[in-house]
Each structure stands twice: as structure tokens, then as C-alpha cells.
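Notes follow the structure.
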Amino acid sequence: MKLLETRNLCVRAGEKWACRNLDLAVSQGQCWGILGGNGIGKTSLLHAFCGIGKAASGEILLGEKPLSVLSRRQIAKLSGILFQDAEDLFPSTVEEIVLAGRHPHVDPLRGETPADFGIAREAIAATGLAGMEKRLSSTLSGGERRRLSIAALLAQEPDLYLLDEPTNHLDIAHQVGMLDLFAALSERKAVIMILHDPNLVSRYCDRVLLLFGEGRTLCGPSSEILTERNLSELYHHPMESVEGPCGTVFLPSIRRHRPPA
Amino acid sequence: MSRAGWLALLAAVALVCMLLSLSAGSIRLDWMEIFSGNASRLDYQILFDLRLPRVIDAFTTGALLAVSGALMQVLLRNPLADPYVLGLSGGASVMALLAMLAGAGSFGMTGGAFCGAMISMLLVFGLAGFGRPARLVLTGVALAAGWGALVTLLLSISPERDLRGMIFWLAGNLDHSSSPYPGIAGLVAALIFALPVSRDLNLLSRGEETAASLGVEVMKLRVRIYFLCALLTSIAVMTAGSIGFVGLIVPHALRLLAGSDHRLVIPGSMLAGGILLVSADTLARTVIAPQQLPAGVVMALLGVPMFLYLVSKKP
């Protein structure tokens with residue numbers, strides 16, 4: 001089943017085009033990576049996918065229904081998004097924030113059911129935040145706050161996960177832990193994530209979308225799209241591939257300036 | 001303490017405060033006689049015609065201001081927001097003072113205050129729309145400054161005999177209210193329109209995009225809050241002039257004590273705001289009786305140290 005489909009999609013990022021005439025089909029069981037330089041429009045595109053940002057033209061279908069006919073609540077059941085940053089006006093507890101992720105499923109008049117609390121507890125445990133339920137979000141570290149946002153997204157239980165740089169603020173162990181978690185989820189659902197590391201994309205994502213700027217895009221299986229040439233063009237910087245024990249690794253070439261001996 | 005526990009506690013305190021306020025005054029009422037029906041006609045008149053309407057006015061005004069403050073803080077994404085931040089009380093003050101200058105009675109003044117608040121609200125809305133909260137705040141603050149200048153201008157050109165009344169009105173007091181019903185209607189409106197969206201408010205305070213991504217129709221919610229706040233604040237200003245402080249402090253005090261879940265903050269603010277203003281008004285009319293102090297002044301004198309203590313106690 002196609003969880004996300006775009007037809008002739010054009011999205012603007014400020015004055016520039018993030019993509020022009022993009023046709024994309026994301027099916028259940030797929031994990032997509034989005035790569036592109038700073039300010040190229042990755043976030044704008046991700047926001048357009050779930051209707052938080054506007055598309056300039058073209059069509060977006062979520063769960064095979066046009067975005068325009070879906071209510072915000074229906075969209076929130078189909079897709080969930082992890083933002084780059086979370087900003088709290090008033091400090092809330094870890095438990096409250098994760099429970100807020102259940103919002104699209106909660107009857108506004110009846111409030112959360114014991115099942116909602118159970119799902120929130122599981123999400124808190126899965127992100128390694130067990131024991132911090134009553135802590136205020138303002139007392140958490142950057143990495144803990146990142147995992148809190150991920151826990152809230154897990155509690156939302158959408159079909160399509162849109163992740164904007166999920167590894168931000170996380171140490172290496174937690175980066176791998178969270179990406180493993182989403183890779184496992186993508187077997188039953190679908191994941192689209194913006195990353196800045198082509199190696200994480202090549203290891204976790206079976207498909208990739210490259211945004212070159214000026215609206216030019218390239219998408220397809222990671223193994224075909226992730227090449228030295230494409231990545232060098234993508235980042236306007238020469239990239240080298242090295243064969244390692246876990247497959248091909250991409251490294252930016254660095255010109256070292258060493259003082260003469 | 002649970003949500004229900006906090007609300008029960010606040011409701012009990014509110015009831016006690018109202019009973020104390022009904023008893024307080026230069027004439028002592030015997031509650032046993034009143035409940036058994038043996039009290040004199042004068043006693044009943046004092047209770048039902050003088051004290052009860054005033055207690056209701058104080059409670060509803062405090063409740064409306066506190067709940068508008070809680071809503072405004074979320075709407076404008078600014079913890080410093082209060083019901084007056086968009087210039088509503090300034091507009092109300094100017095029109096009420098003009099009515100006073102024109103020789104209109106208390107009815108004309110309350111009408112003028114309500115119209116002024118509404119005019120101010122429409123001005124802010126017309127100029128700023130529902131775009132970014134920052135624009136709404138800046139427009140409101142600029143308008144409030146303009147209204148403030150007009151108030152000072154009116155005070156400086158007013159004849160001596162009107163000045164005292166004007167300053168009393170501006171300081172906020174419960175002497176001139178003509179009917180308790182608008183306040184009660186406001187309370188009902190607040191419960192009907194704010195309570196069902198209190199979960200959505202929790203999400204909105206975490207960011208507009210976060211709220212939208214979790215299924216909140218953000219624009220609809222903001223329009224609803226804006227007009228509800230404008231209505232509630234207008235009723236409060238009409239009833240008691242501009243009483244500051246309640247709207248800013250009560251929601252924050254509640255958040256400090258009981259957490260920032262709006263399913264508690266909204267009804268809790270109403271009860272706590274009511275409690276605070278009823279207590280302040282009781283003191284205002286008894287401390288140096290028969291002379292009365294402006295309730296707004298008493299409240300600030302009581303509330304400021306209480307709130308500063310709360311803030312300093314929290315880590």
C-alpha cells in the first residue's frame with residue numbers, strides 16, 4: 001500500500017525551489033533517506049508532505065487520499081513528524097509530553113484511556129527514558145530532549161514517520177539505537193528521514209531522495225543513487241568512496257595543511 | 001495532587017471566601033436566622049441586594065481575567081501576556097472616561113467601557129490579523145500605549161470634581177457595576193468554549209507546528225481563543241474597570257504549583273482568580289471602613305509578595 005504519493009509536486013523553500021515536478025511513491029515497508037545541502041529545502045519538503053507547509057503546486061496523497069480532503073486529525077493518524085527542534089512555552093513533564101503524542105487518538109471529551117498510558121510507557125521505555133516520567137522537560141539534556149520528542153512520535157503511532165534529522169544531539173550509541181528502532185518500524189510502516197550523513201543513509205535506508213537545489217531531484221534505490229559522483233555534485237565538494245568491512249563508506253576529501261617539517 | 005483534587009480544593013476555598021465576604025461588613029448578619037427565615041427584611045436586603053451581587057461581581061471578574069490571561073499567554077506564546085496586552089483595557093478606559101466627562105451615569109460608563117474594549121479588539125484584529133503572534137503583540141502593545149496617552153490627556157483636561165472618580169475607575173473597583181449577569185454569562189461562555197479545547201491548548205503551547213502535526217486545527221483554535229478572550233476581558237473591564245495583576249499572575253501561580261496542563265490551568269485559573277478578587281474586595285471595603293479602597297490596589301499589594309515568594313521558592 002502506498003502511504004505517500006506525490007504527483008508533479010513543486011515546493012518552495014523561501015525564494016528557491018526545493019523540488020519541481022517530483023513524483024514520489026513511498027510504500028509500506030520502505031525506509032527513505034533525504035540528502036541535500038543546507039537551506040536546499042529538505043525541511044520545507046518534509047513539512048509539505050504532512051500539510052504543515054504549503055506546496056506551490058502538484059498533488060500529495062497520504063494513505064491514498066488527497067491531503068486537501070483530510071482533516072488535521074486524520075493527517076495526524078496517517079503521518080507523524082519529528083521536528084528539528086521542540087520549543088516549550090511552559091515546562092511539562094516527560095509523561096505529559098509523550099501522552100500529548102496520543103492526541104489524534106484521544107477522545108477530546110473523555111481523555112486518555114489506560115491503553116494510551118500503556119503506549120506512552122512503552123514509548124518512554126523504548127527511548128531509554130524510563131524513570132524520568134515525572135521530570136520536567138526543561139531539566140533534560142539536549143540528547144534526552146531529542147529522545148523525548150522521538151518518544152512522543154512513537155506514541156502517536158502513525159503509518160508514515162517523517163523525521164527531520166533524527167540523530168541531532170544524540171551520541172553515537174543513541175544514534176544507532178534510534179535508527180535501529182525506526183528501521184525496525186519501517187518493516188511494518190514507512191519512514192522518511194532527513195540526514196546529513198550519507199553513510200547512515202546507505203546503511204539504514206533502502207531508498208534515497210537527493211535534493212540538488214534549483215528544484216532538481218534524483219530518487220531511487222540507495223545502492224544505485226549513492227555514488228561518489230552524485231554525492232560530490234550534491235554537496236559541491238569532492239567525496240571519496242572507501243570499501244570497508246560493512247560496505248562502501250563515503251568520506252569528504254580533505255586538503256590537509258601541514259606546516260613544513 | 002490529582003487534577004480533581006486541585007479543583008476540589010480550589011472550589012472549597014472559593015466557597016469559604018465567598019461566605020466570609022458575604023458576612024463581612026459594618027452590619028453583622030446572623031446566618032442561623034437567615035437560613036431559618038427569621039432575619040429582618042433589612043438583613044435580607046443587605047445580603048441579596050448589596051453583598052451578594054458584589055461578591056458575584058468580584059468572583060466573576062477575577063475568574064474572567066485569570067482565564068483570559070491563561071488563554072492569552074498560550075495564544076501569543078508569551079508568558080508575559082495578560083488580558084490587557086492587546087490594549088483592550090486602554091480602549092475601555094478611554095471610552096468610559098469620555099462617558100464620565102459627558103456626564104453619563106454608571107450605565108453609560110459600563111456601556112462605554114464595553115464598546116471601547118470591543119473597538120480596541122477589532123482595531124488590533126484589523127491591523128494584525130492572525131498572522132504571527134509577535135505581530136499581534138506588537139500591534140496590541142503599540143495601541144495600548146496610544147490608549148494610555150489618551151487616558152492621560154483626558155485626565156489632564158478634566159475638571160477637578162471628576163478626577164477622583166476617574167482615578168478610582170482606572171484603579172479598578174467594584175462600586176459601579178450595574179448587573180451581575182454579564183459576568184455569569186462570561187463564566188459560562190469560558191467553560192463552554194475553553195474547556196473542551198484545553199488539551200489542544202497544551203499542544204499549542206508546545207508550538208504551532210507541533211500542535212498542527214498532532215491534529216489541532218491551529219487557525220480555528222487561535223480565532224476561537226482570540227474572540228473568547230476579547231469577550232471575557234470586555235465583560236470584566238465593564239464590570240470592574242481595569243484590574244491588573246490577576247490575569248498575569250494567577251495562571252502562572254497555578255502552573256508553578258500544579259503543573260502546566262491546561263485541563264487544570266483553565267478551570268483552576270477561574271477559581272483562583274475569583275478567590276483572589278473576592279478576598280481583595282472584602283479587604284478593600286472593610287480595612288478602613290466605611291472608606292473603600294480600590295480592589296485592584298489591594299489585590300496587587302497582597303498578590304505581589306505572595307507571587308514573588310512562589311517564584312523564589314521554585315527551583
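Residues are named by chain letter and number: chains run A, B, ... in the order of the C-alpha cells, numbers start at 1 in each chain, and ligands are numbered from 1 in the order shown.
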
Residues of chain B within 12 Å of chain A: nearest atom pair and distance (Å, one decimal) for each, counting only C-alpha atoms, sorted by chain and number, as a Markdown table?
| residue | atom | partner | partner_atom | distance |
| --- | --- | --- | --- | --- |
| B:Ala70 | CA | A:Phe90 | CA | 11.4 |
| B:Gln73 | CA | A:Leu89 | CA | 8.9 |
| B:Val74 | CA | A:Leu89 | CA | 7.8 |
| B:Leu75 | CA | A:Leu89 | CA | 10.8 |
| B:Leu76 | CA | A:Leu89 | CA | 10.2 |
| B:Arg77 | CA | A:Leu89 | CA | 6.5 |
| B:Asn78 | CA | A:Leu89 | CA | 7.4 |
| B:Pro79 | CA | A:Leu89 | CA | 7.4 |
| B:Leu80 | CA | A:Leu89 | CA | 11.0 |
| B:Leu195 | CA | A:Leu109 | CA | 9.4 |
| B:Pro196 | CA | A:Leu109 | CA | 6.7 |
| B:Val197 | CA | A:Pro108 | CA | 7.6 |
| B:Ser198 | CA | A:Pro108 | CA | 8.9 |
| B:Arg199 | CA | A:Pro108 | CA | 7.3 |
| B:Asp200 | CA | A:His103 | CA | 8.3 |
| B:Leu201 | CA | A:Ala100 | CA | 10.8 |
| B:Asn202 | CA | A:Ala100 | CA | 8.0 |
| B:Leu203 | CA | A:Ala100 | CA | 7.0 |
| B:Leu204 | CA | A:Leu89 | CA | 9.0 |
| B:Ser205 | CA | A:Leu89 | CA | 5.3 |
| B:Arg206 | CA | A:Asp88 | CA | 4.6 |
| B:Gly207 | CA | A:Glu87 | CA | 6.3 |
| B:Glu208 | CA | A:Ile52 | CA | 9.6 |
| B:Glu209 | CA | A:Ile52 | CA | 6.7 |
| B:Thr210 | CA | A:Phe83 | CA | 7.8 |
| B:Ala211 | CA | A:His103 | CA | 9.3 |
| B:Ala212 | CA | A:Arg72 | CA | 6.8 |
| B:Ser213 | CA | A:Ala76 | CA | 5.8 |
| B:Leu214 | CA | A:Ala76 | CA | 5.1 |
| B:Gly215 | CA | A:Arg73 | CA | 3.8 |
| B:Val216 | CA | A:Arg72 | CA | 6.2 |
| B:Glu217 | CA | A:Arg72 | CA | 6.2 |
| B:Val218 | CA | A:Arg72 | CA | 9.2 |
| B:Met219 | CA | A:Arg72 | CA | 11.3 |
| B:Lys220 | CA | A:Arg72 | CA | 11.4 |
| B:Pro251 | CA | A:Phe90 | CA | 11.2 |
| B:His252 | CA | A:Phe90 | CA | 9.5 |
| B:Leu254 | CA | A:Phe90 | CA | 11.8 |
| B:Arg255 | CA | A:Phe90 | CA | 8.2 |
| B:Leu256 | CA | A:Pro91 | CA | 9.6 |
| B:Ala258 | CA | A:Ser92 | CA | 10.8 |
| B:Gly259 | CA | A:Ser92 | CA | 7.1 |
| B:Ser260 | CA | A:Ser92 | CA | 6.2 |
| B:Asp261 | CA | A:Ser92 | CA | 7.7 |
| B:His262 | CA | A:Phe90 | CA | 10.7 |
| B:Arg263 | CA | A:Gly111 | CA | 10.0 |
| B:Val265 | CA | A:Phe90 | CA | 11.7 |
| B:Pro315 | CA | A:Thr139 | CA | 10.5 |

What are the DSSP helix (DSSP H, G or I) residues of stretch 84-206 of chain A, as number ranges by chain?
A: 94-100, 103-105, 114-126, 137-139, 142-156, 172-185, 198-204

Mind checking which residues fall within 6 Å of A:Leu61, counting only C-alpha atoms, ignoring those fewer than 4 positions away in the same chain, and posting them as a PyMOL selection string?
chain A and resi 4-5+65-67

Excluding B:Arg285 and its own-chain neighbours fewer than 3 positions away, which residues fall within 12 Å of it when counting only C-alpha atoms? Please give them as an mmCIF file with N, CA and C atoms, in the first residue's frame.
data_model
loop_
_atom_site.group_PDB
_atom_site.id
_atom_site.type_symbol
_atom_site.label_atom_id
_atom_site.label_comp_id
_atom_site.auth_asym_id
_atom_site.auth_seq_id
_atom_site.Cartn_x
_atom_site.Cartn_y
_atom_site.Cartn_z
ATOM 1 N N SER B 21 -16.894 36.800 52.664
ATOM 2 C CA SER B 21 -17.135 38.111 52.082
ATOM 3 C C SER B 21 -18.575 38.548 52.306
ATOM 4 N N LEU B 22 -19.517 37.568 52.238
ATOM 5 C CA LEU B 22 -20.924 37.895 52.473
ATOM 6 C C LEU B 22 -21.142 38.317 53.928
ATOM 7 N N ALA B 24 -18.847 39.763 55.877
ATOM 8 C CA ALA B 24 -18.065 40.937 56.260
ATOM 9 C C ALA B 24 -18.792 42.232 55.923
ATOM 10 N N GLY B 25 -18.703 43.207 56.838
ATOM 11 C CA GLY B 25 -19.355 44.483 56.604
ATOM 12 C C GLY B 25 -19.744 45.092 57.935
ATOM 13 N N SER B 26 -20.225 46.344 57.880
ATOM 14 C CA SER B 26 -20.478 47.025 59.146
ATOM 15 C C SER B 26 -21.691 46.440 59.877
ATOM 16 N N ARG B 51 -24.642 42.753 49.162
ATOM 17 C CA ARG B 51 -23.421 41.967 49.257
ATOM 18 C C ARG B 51 -23.314 40.872 48.203
ATOM 19 N N ARG B 54 -22.284 41.969 44.757
ATOM 20 C CA ARG B 54 -20.900 42.426 44.755
ATOM 21 C C ARG B 54 -19.930 41.246 44.804
ATOM 22 N N VAL B 55 -20.273 40.244 45.613
ATOM 23 C CA VAL B 55 -19.418 39.050 45.677
ATOM 24 C C VAL B 55 -19.404 38.347 44.322
ATOM 25 N N ASN B 173 -12.373 48.976 40.561
ATOM 26 C CA ASN B 173 -13.109 48.663 41.791
ATOM 27 C C ASN B 173 -14.504 48.217 41.438
ATOM 28 N N LEU B 174 -15.197 47.705 42.438
ATOM 29 C CA LEU B 174 -16.459 47.022 42.157
ATOM 30 C C LEU B 174 -17.663 47.833 42.611
ATOM 31 N N ASP B 175 -17.525 49.171 42.670
ATOM 32 C CA ASP B 175 -18.609 50.010 43.169
ATOM 33 C C ASP B 175 -19.725 50.250 42.175
ATOM 34 N N VAL B 278 -12.252 38.187 45.172
ATOM 35 C CA VAL B 278 -13.229 38.253 46.266
ATOM 36 C C VAL B 278 -12.512 38.635 47.567
ATOM 37 N N SER B 279 -11.368 38.012 47.825
ATOM 38 C CA SER B 279 -10.628 38.331 49.051
ATOM 39 C C SER B 279 -10.172 39.778 49.044
ATOM 40 N N ALA B 280 -9.622 40.205 47.890
ATOM 41 C CA ALA B 280 -9.125 41.579 47.807
ATOM 42 C C ALA B 280 -10.249 42.574 48.026
ATOM 43 N N ASP B 281 -11.417 42.294 47.424
ATOM 44 C CA ASP B 281 -12.530 43.233 47.551
ATOM 45 C C ASP B 281 -13.062 43.264 48.981
ATOM 46 N N THR B 282 -13.091 42.092 49.628
ATOM 47 C CA THR B 282 -13.547 42.050 51.019
ATOM 48 C C THR B 282 -12.654 42.936 51.875
ATOM 49 N N ILE B 288 -10.441 49.885 56.205
ATOM 50 C CA ILE B 288 -10.629 51.197 56.811
ATOM 51 C C ILE B 288 -12.058 51.666 56.590
ATOM 52 N N ALA B 289 -13.028 50.730 56.805
ATOM 53 C CA ALA B 289 -14.447 51.061 56.625
ATOM 54 C C ALA B 289 -14.799 52.261 57.498
ATOM 55 N N PRO B 290 -15.713 53.108 57.100
ATOM 56 C CA PRO B 290 -16.553 52.998 55.904
ATOM 57 C C PRO B 290 -15.858 53.423 54.606
ATOM 58 N N GLN B 291 -14.621 53.894 54.691
ATOM 59 C CA GLN B 291 -13.987 54.271 53.439
ATOM 60 C C GLN B 291 -13.596 53.012 52.669
ATOM 61 N N GLN B 292 -13.662 53.095 51.309
ATOM 62 C CA GLN B 292 -13.325 51.934 50.491
ATOM 63 C C GLN B 292 -12.045 52.190 49.717
ATOM 64 N N LEU B 293 -11.277 51.132 49.565
ATOM 65 C CA LEU B 293 -10.061 51.226 48.759
ATOM 66 C C LEU B 293 -10.354 50.591 47.398
ATOM 67 N N PRO B 294 -9.591 50.963 46.361
ATOM 68 C CA PRO B 294 -9.783 50.268 45.071
ATOM 69 C C PRO B 294 -9.326 48.822 45.208
ATOM 70 N N ALA B 295 -10.210 47.882 44.794
ATOM 71 C CA ALA B 295 -9.898 46.461 44.950
ATOM 72 C C ALA B 295 -8.627 46.081 44.197
ATOM 73 N N GLY B 296 -8.422 46.713 43.038
ATOM 74 C CA GLY B 296 -7.245 46.390 42.239
ATOM 75 C C GLY B 296 -5.959 46.667 42.997
ATOM 76 N N VAL B 297 -5.970 47.776 43.755
ATOM 77 C CA VAL B 297 -4.776 48.148 44.511
ATOM 78 C C VAL B 297 -4.529 47.143 45.631
ATOM 79 N N VAL B 298 -5.602 46.796 46.362
ATOM 80 C CA VAL B 298 -5.456 45.835 47.451
ATOM 81 C C VAL B 298 -4.930 44.516 46.925
#

Taking 3 positions as the minimum chain separation for residues in the same chain, which residues sit within 9 Å of stretch 41-46 of chain A when counting only C-alpha atoms? Answer as a VMD selection string.
chain A and resid 11 to 14 16 to 19 34 to 38 49 to 55 81 83 to 84 162 to 164 192 to 194 211 213
